[in-house]
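Q: Starting off with a structure, shown below.
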Amino acid sequence: VASPPFAISLGQMGGLAVLNLEGIYTRYDDPEAVIQHIIEAPQEQATSLLQKVYSTPIQDNLVGKRIEEIKKAGITCAVSTTPANTKHLSPIAVEAGADILVVQSTVTTARHISKSELGLNLSELCQQVRTPVVVGNTVTYSATLELMETGIQGVLVGVGPGAICTTREVEGIGVPQVT
(Lines give C-alpha, C1' and ligand atoms only; values in the text may rest on other atoms or scores of the structure.)
Protein backbone atom coordinates (compact mmCIF):
# COMPACT_ATOMS: atom_id res chain seq x y z
CA VAL A 1 0.00 0.00 0.00
CA ALA A 2 1.59 3.23 -1.14
CA SER A 3 -0.15 6.26 0.29
CA PRO A 4 0.45 9.72 -1.18
CA PRO A 5 2.54 10.68 1.90
CA PHE A 6 4.62 7.50 1.50
CA ALA A 7 5.06 8.18 -2.25
CA ILE A 8 6.24 11.69 -1.43
CA SER A 9 8.69 10.50 1.26
CA LEU A 10 10.10 7.78 -0.96
CA GLY A 11 10.35 10.21 -3.89
CA GLN A 12 12.27 12.70 -1.75
CA MET A 13 14.78 9.93 -1.03
CA GLY A 14 15.19 9.12 -4.73
CA GLY A 15 12.79 6.18 -4.90
CA LEU A 16 9.53 5.67 -6.74
CA ALA A 17 6.34 4.42 -5.11
CA VAL A 18 3.41 3.25 -7.23
CA LEU A 19 -0.07 4.36 -6.15
CA ASN A 20 -2.69 1.64 -6.69
CA LEU A 21 -5.63 3.38 -8.40
CA GLU A 22 -7.91 0.53 -7.34
CA GLY A 23 -6.96 0.65 -3.69
CA ILE A 24 -8.29 2.20 -0.53
CA TYR A 25 -6.90 5.68 -1.28
CA THR A 26 -9.15 6.06 -4.33
CA ARG A 27 -12.26 4.62 -2.68
CA TYR A 28 -12.45 6.61 0.56
CA ASP A 29 -12.16 10.29 1.48
CA ASP A 30 -10.59 9.20 4.79
CA PRO A 31 -8.50 6.13 3.91
CA GLU A 32 -6.53 6.29 7.16
CA ALA A 33 -9.67 5.50 9.18
CA VAL A 34 -10.38 2.49 6.95
CA ILE A 35 -6.81 1.25 7.27
CA GLN A 36 -6.93 1.66 11.06
CA HIS A 37 -10.18 -0.37 11.12
CA ILE A 38 -8.45 -3.14 9.14
CA ILE A 39 -5.45 -3.10 11.49
CA GLU A 40 -7.67 -3.38 14.57
CA ALA A 41 -9.94 -6.12 13.19
CA PRO A 42 -9.56 -9.66 14.49
CA GLN A 43 -7.74 -11.94 12.05
CA GLU A 44 -10.79 -14.19 11.56
CA GLN A 45 -12.73 -11.17 10.20
CA ALA A 46 -9.98 -10.03 7.79
CA THR A 47 -11.34 -11.60 4.60
CA SER A 48 -14.94 -10.44 5.02
CA LEU A 49 -13.78 -6.97 6.09
CA LEU A 50 -11.51 -6.60 3.07
CA GLN A 51 -14.31 -7.77 0.78
CA LYS A 52 -16.55 -5.09 2.26
CA VAL A 53 -13.84 -2.40 2.03
CA TYR A 54 -13.14 -3.17 -1.63
CA SER A 55 -16.84 -3.32 -2.56
CA THR A 56 -16.96 0.48 -2.28
CA PRO A 57 -16.56 1.88 -5.81
CA ILE A 58 -13.46 3.73 -6.98
CA GLN A 59 -14.17 7.46 -7.00
CA ASP A 60 -12.78 9.21 -10.08
CA ASN A 61 -12.35 12.48 -8.17
CA LEU A 62 -10.16 10.72 -5.59
CA VAL A 63 -7.95 9.31 -8.35
CA GLY A 64 -7.17 12.86 -9.43
CA LYS A 65 -6.91 14.17 -5.87
CA ARG A 66 -4.35 11.55 -4.78
CA ILE A 67 -2.20 12.14 -7.88
CA GLU A 68 -2.35 15.90 -7.36
CA GLU A 69 -1.17 15.43 -3.74
CA ILE A 70 1.96 13.67 -4.98
CA LYS A 71 2.59 16.08 -7.86
CA LYS A 72 2.15 19.13 -5.61
CA ALA A 73 5.21 17.93 -3.67
CA GLY A 74 7.26 17.90 -6.87
CA ILE A 75 7.51 14.12 -6.93
CA THR A 76 7.30 11.81 -9.96
CA CYS A 77 3.93 10.08 -9.74
CA ALA A 78 3.58 6.46 -10.82
CA VAL A 79 0.16 4.81 -10.67
CA SER A 80 -1.06 1.28 -11.29
CA THR A 81 -4.26 -0.28 -12.51
CA THR A 82 -5.39 -3.73 -13.60
CA PRO A 83 -6.03 -4.45 -17.28
CA ALA A 84 -9.80 -4.51 -16.65
CA ASN A 85 -9.82 -0.90 -15.39
CA THR A 86 -7.03 0.60 -17.50
CA LYS A 87 -9.26 2.10 -20.21
CA HIS A 88 -11.33 3.94 -17.61
CA LEU A 89 -8.67 5.00 -15.11
CA SER A 90 -5.66 5.84 -17.30
CA PRO A 91 -7.15 8.98 -18.93
CA ILE A 92 -8.18 10.29 -15.51
CA ALA A 93 -4.71 9.59 -14.12
CA VAL A 94 -2.86 11.20 -17.01
CA GLU A 95 -5.10 14.26 -16.93
CA ALA A 96 -4.37 14.62 -13.20
CA GLY A 97 -0.63 14.53 -13.89
CA ALA A 98 0.51 10.91 -13.50
CA ASP A 99 4.00 10.52 -14.94
CA ILE A 100 4.10 6.73 -15.27
CA LEU A 101 1.25 4.25 -15.81
CA VAL A 102 1.71 0.66 -14.63
CA VAL A 103 -0.70 -1.97 -15.94
CA GLN A 104 -0.32 -4.83 -13.52
CA SER A 105 -1.84 -8.27 -13.20
CA THR A 106 -0.73 -11.62 -11.84
CA VAL A 107 0.41 -12.91 -15.23
CA THR A 108 0.28 -10.59 -18.25
CA THR A 109 0.52 -11.09 -21.98
CA ALA A 110 0.05 -8.72 -24.91
CA ARG A 111 -3.14 -10.64 -25.70
CA HIS A 112 -5.39 -9.44 -22.92
CA ILE A 113 -8.52 -11.58 -22.70
CA SER A 114 -11.55 -9.47 -21.97
CA LYS A 115 -15.26 -9.83 -21.45
CA SER A 116 -15.73 -6.61 -23.42
CA GLU A 117 -15.94 -6.52 -27.18
CA LEU A 118 -12.65 -4.62 -27.42
CA GLY A 119 -10.06 -5.78 -24.91
CA LEU A 120 -7.08 -3.74 -23.77
CA ASN A 121 -4.74 -2.98 -26.68
CA LEU A 122 -1.38 -1.94 -25.26
CA SER A 123 -0.18 -0.32 -28.51
CA GLU A 124 -3.28 1.89 -28.58
CA LEU A 125 -2.91 2.65 -24.86
CA CYS A 126 0.68 3.87 -25.37
CA GLN A 127 -0.46 6.20 -28.17
CA GLN A 128 -3.46 7.49 -26.21
CA VAL A 129 -1.85 8.25 -22.85
CA ARG A 130 1.47 9.58 -24.16
CA THR A 131 3.15 8.81 -20.86
CA PRO A 132 5.50 5.90 -20.10
CA VAL A 133 3.64 2.61 -19.72
CA VAL A 134 5.06 -0.28 -17.68
CA VAL A 135 3.35 -3.69 -17.89
CA GLY A 136 3.66 -6.87 -15.89
CA ASN A 137 3.96 -9.41 -14.52
CA THR A 138 5.43 -11.85 -17.01
CA VAL A 139 7.92 -14.72 -16.82
CA THR A 140 8.62 -16.16 -20.27
CA TYR A 141 10.90 -14.82 -22.96
CA SER A 142 8.23 -14.95 -25.67
CA ALA A 143 5.55 -13.22 -23.58
CA THR A 144 8.02 -10.54 -22.49
CA LEU A 145 9.21 -9.92 -26.06
CA GLU A 146 5.61 -9.69 -27.28
CA LEU A 147 4.84 -7.13 -24.56
CA MET A 148 7.91 -5.09 -25.50
CA GLU A 149 6.86 -5.06 -29.15
CA THR A 150 3.63 -3.22 -28.24
CA GLY A 151 5.60 -0.05 -27.53
CA ILE A 152 5.53 -0.13 -23.74
CA GLN A 153 8.49 1.42 -21.93
CA GLY A 154 9.01 -1.17 -19.20
CA VAL A 155 8.22 -4.73 -18.19
CA LEU A 156 7.79 -6.21 -14.69
CA VAL A 157 9.27 -9.70 -14.71
CA GLY A 158 8.43 -12.34 -12.11
CA VAL A 159 5.37 -13.82 -10.41
CA GLY A 160 4.75 -15.39 -7.03
CA PRO A 161 8.06 -14.25 -5.55
CA GLY A 162 7.19 -13.85 -1.89
CA ALA A 163 5.95 -15.89 1.01
CA ILE A 164 2.67 -13.96 1.16
CA CYS A 165 1.94 -14.26 -2.59
CA THR A 166 -0.61 -16.95 -3.45
CA THR A 167 0.35 -17.12 -7.16
CA ARG A 168 2.94 -19.77 -6.40
CA GLU A 169 0.20 -22.01 -4.98
CA VAL A 170 -2.59 -21.09 -7.42
CA GLU A 171 -0.58 -21.10 -10.66
CA GLY A 172 2.05 -23.63 -9.63
CA ILE A 173 4.90 -21.28 -10.49
CA GLY A 174 7.01 -18.78 -8.64
CA VAL A 175 9.63 -16.72 -10.42
CA PRO A 176 11.65 -14.08 -8.54
CA GLN A 177 11.15 -10.42 -9.42
CA VAL A 178 13.75 -8.92 -11.77
CA THR A 179 14.52 -5.24 -12.24
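Residue numbering restarts at 1 for every chain of the C-alpha coordinates, chains are lettered A, B, ... in their displayed order, and ligands are numbered from 1 as they appear.
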Where does DSSP see strand (DSSP E) in chain A, if you list the residues as a list in words?

A: Val18, Leu19, Asn20, Ala78, Val79, Ser80, Thr81, Ile100, Leu101, Val102, Val103, Gln104, Val133, Val134, Val135, Gly136, Asn137, Thr138, Gly154, Val155, Leu156, Val157, Gly158, Val159, Val175, Pro176, Gln177 and Val178 of chain A

Q: List every residue of range 5-178 of chain A that DSSP, applied to the backbone of this structure, places in alpha helix (DSSP H), and write the result as a VMD selection string.

A: chain A and resid 5 to 12 31 to 40 46 to 53 60 to 72 83 to 96 122 to 129 141 to 148 167 to 171

Q: For Ile70 in chain A, list every protein, DNA or RNA residue within 7 Å, evaluated using only C-alpha atoms, and leave out those in the same chain fewer than 5 positions away; present the list as a list in words.

A: Pro4, Ala7, Ile8, Ile75 and Cys77 of chain A

Q: Within 9 Å of range 63-66 of chain A, which residues of range 79-121 of chain A show up? Give each one with its shortest atom-to-atom distance in Å (one decimal) and the two atoms involved, counting only C-alpha atoms, rows by chain then rising residue number, as a tab-separated table.

A:
```
residue	atom	partner	partner_atom	distance
A:Leu89	CA	A:Val63	CA	8.1
A:Ile92	CA	A:Gly64	CA	6.7
A:Ala93	CA	A:Gly64	CA	6.2
A:Val94	CA	A:Gly64	CA	8.9
A:Glu95	CA	A:Gly64	CA	7.9
A:Ala96	CA	A:Gly64	CA	5.0
A:Gly97	CA	A:Gly64	CA	8.1
A:Ala98	CA	A:Gly64	CA	8.9
```

Q: A:Asp30, A:Glu44, A:Glu22, A:Asp99: which is nearest Thr82 in chain A, counting only C-alpha atoms?

A: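 Ranking A:Asp30, A:Glu44, A:Glu22, A:Asp99 by distance to Thr82 in chain A, first place goes to A:Glu22.
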
Q: Identify, on the basis of only C-alpha atoms, every residue whose closest approach to range 122-129 of chain A does not exceed 9 Å; exclude the query and any residue fewer than 3 positions from it along the same chain; express the result as a ChimeraX atom specification.

A: /A:86-87,90-91,94,101,110-112,132-133,135,147,149-153

Q: In terms of the shortest atom-to-atom distance over only C-alpha atoms, which of A:Ser55, A:Val134, A:Gly74, A:Gln36 is closest to Val18 in chain A?

A: A:Val134

Q: Let me make sure I understand: among A:Ile67, A:Asn121, A:Pro42, A:Ser142, which one has the smallest atom-to-atom distance to Ser3 in chain A if we use only C-alpha atoms?

A: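 Checking each of A:Ile67, A:Asn121, A:Pro42, A:Ser142 against Ser3 in chain A, counting only C-alpha atoms, the winner is A:Ile67.
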
Q: My list of candidates is A:Gln43, A:Ala2, A:Tyr141, A:Thr106. Which is closest to Thr166 in chain A when distances are computed with only C-alpha atoms?

A: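 That would be A:Thr106, the residue with the smallest distance to Thr166 in chain A.
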
Q: CA of Ser9 in chain A to CA of Tyr28 in chain A: how many Å, to one decimal?

A: 21.5 Å

Q: Can you work out which one of A:Thr56, A:Gln12, A:Thr47, A:Thr131 has the shortest atom-to-atom distance to Pro31 in chain A, counting only C-alpha atoms?

A: A:Thr56

Q: So how far away is CA of Gln104 in chain A from CA of Ile58 in chain A, in Å?

A: 17.0 Å
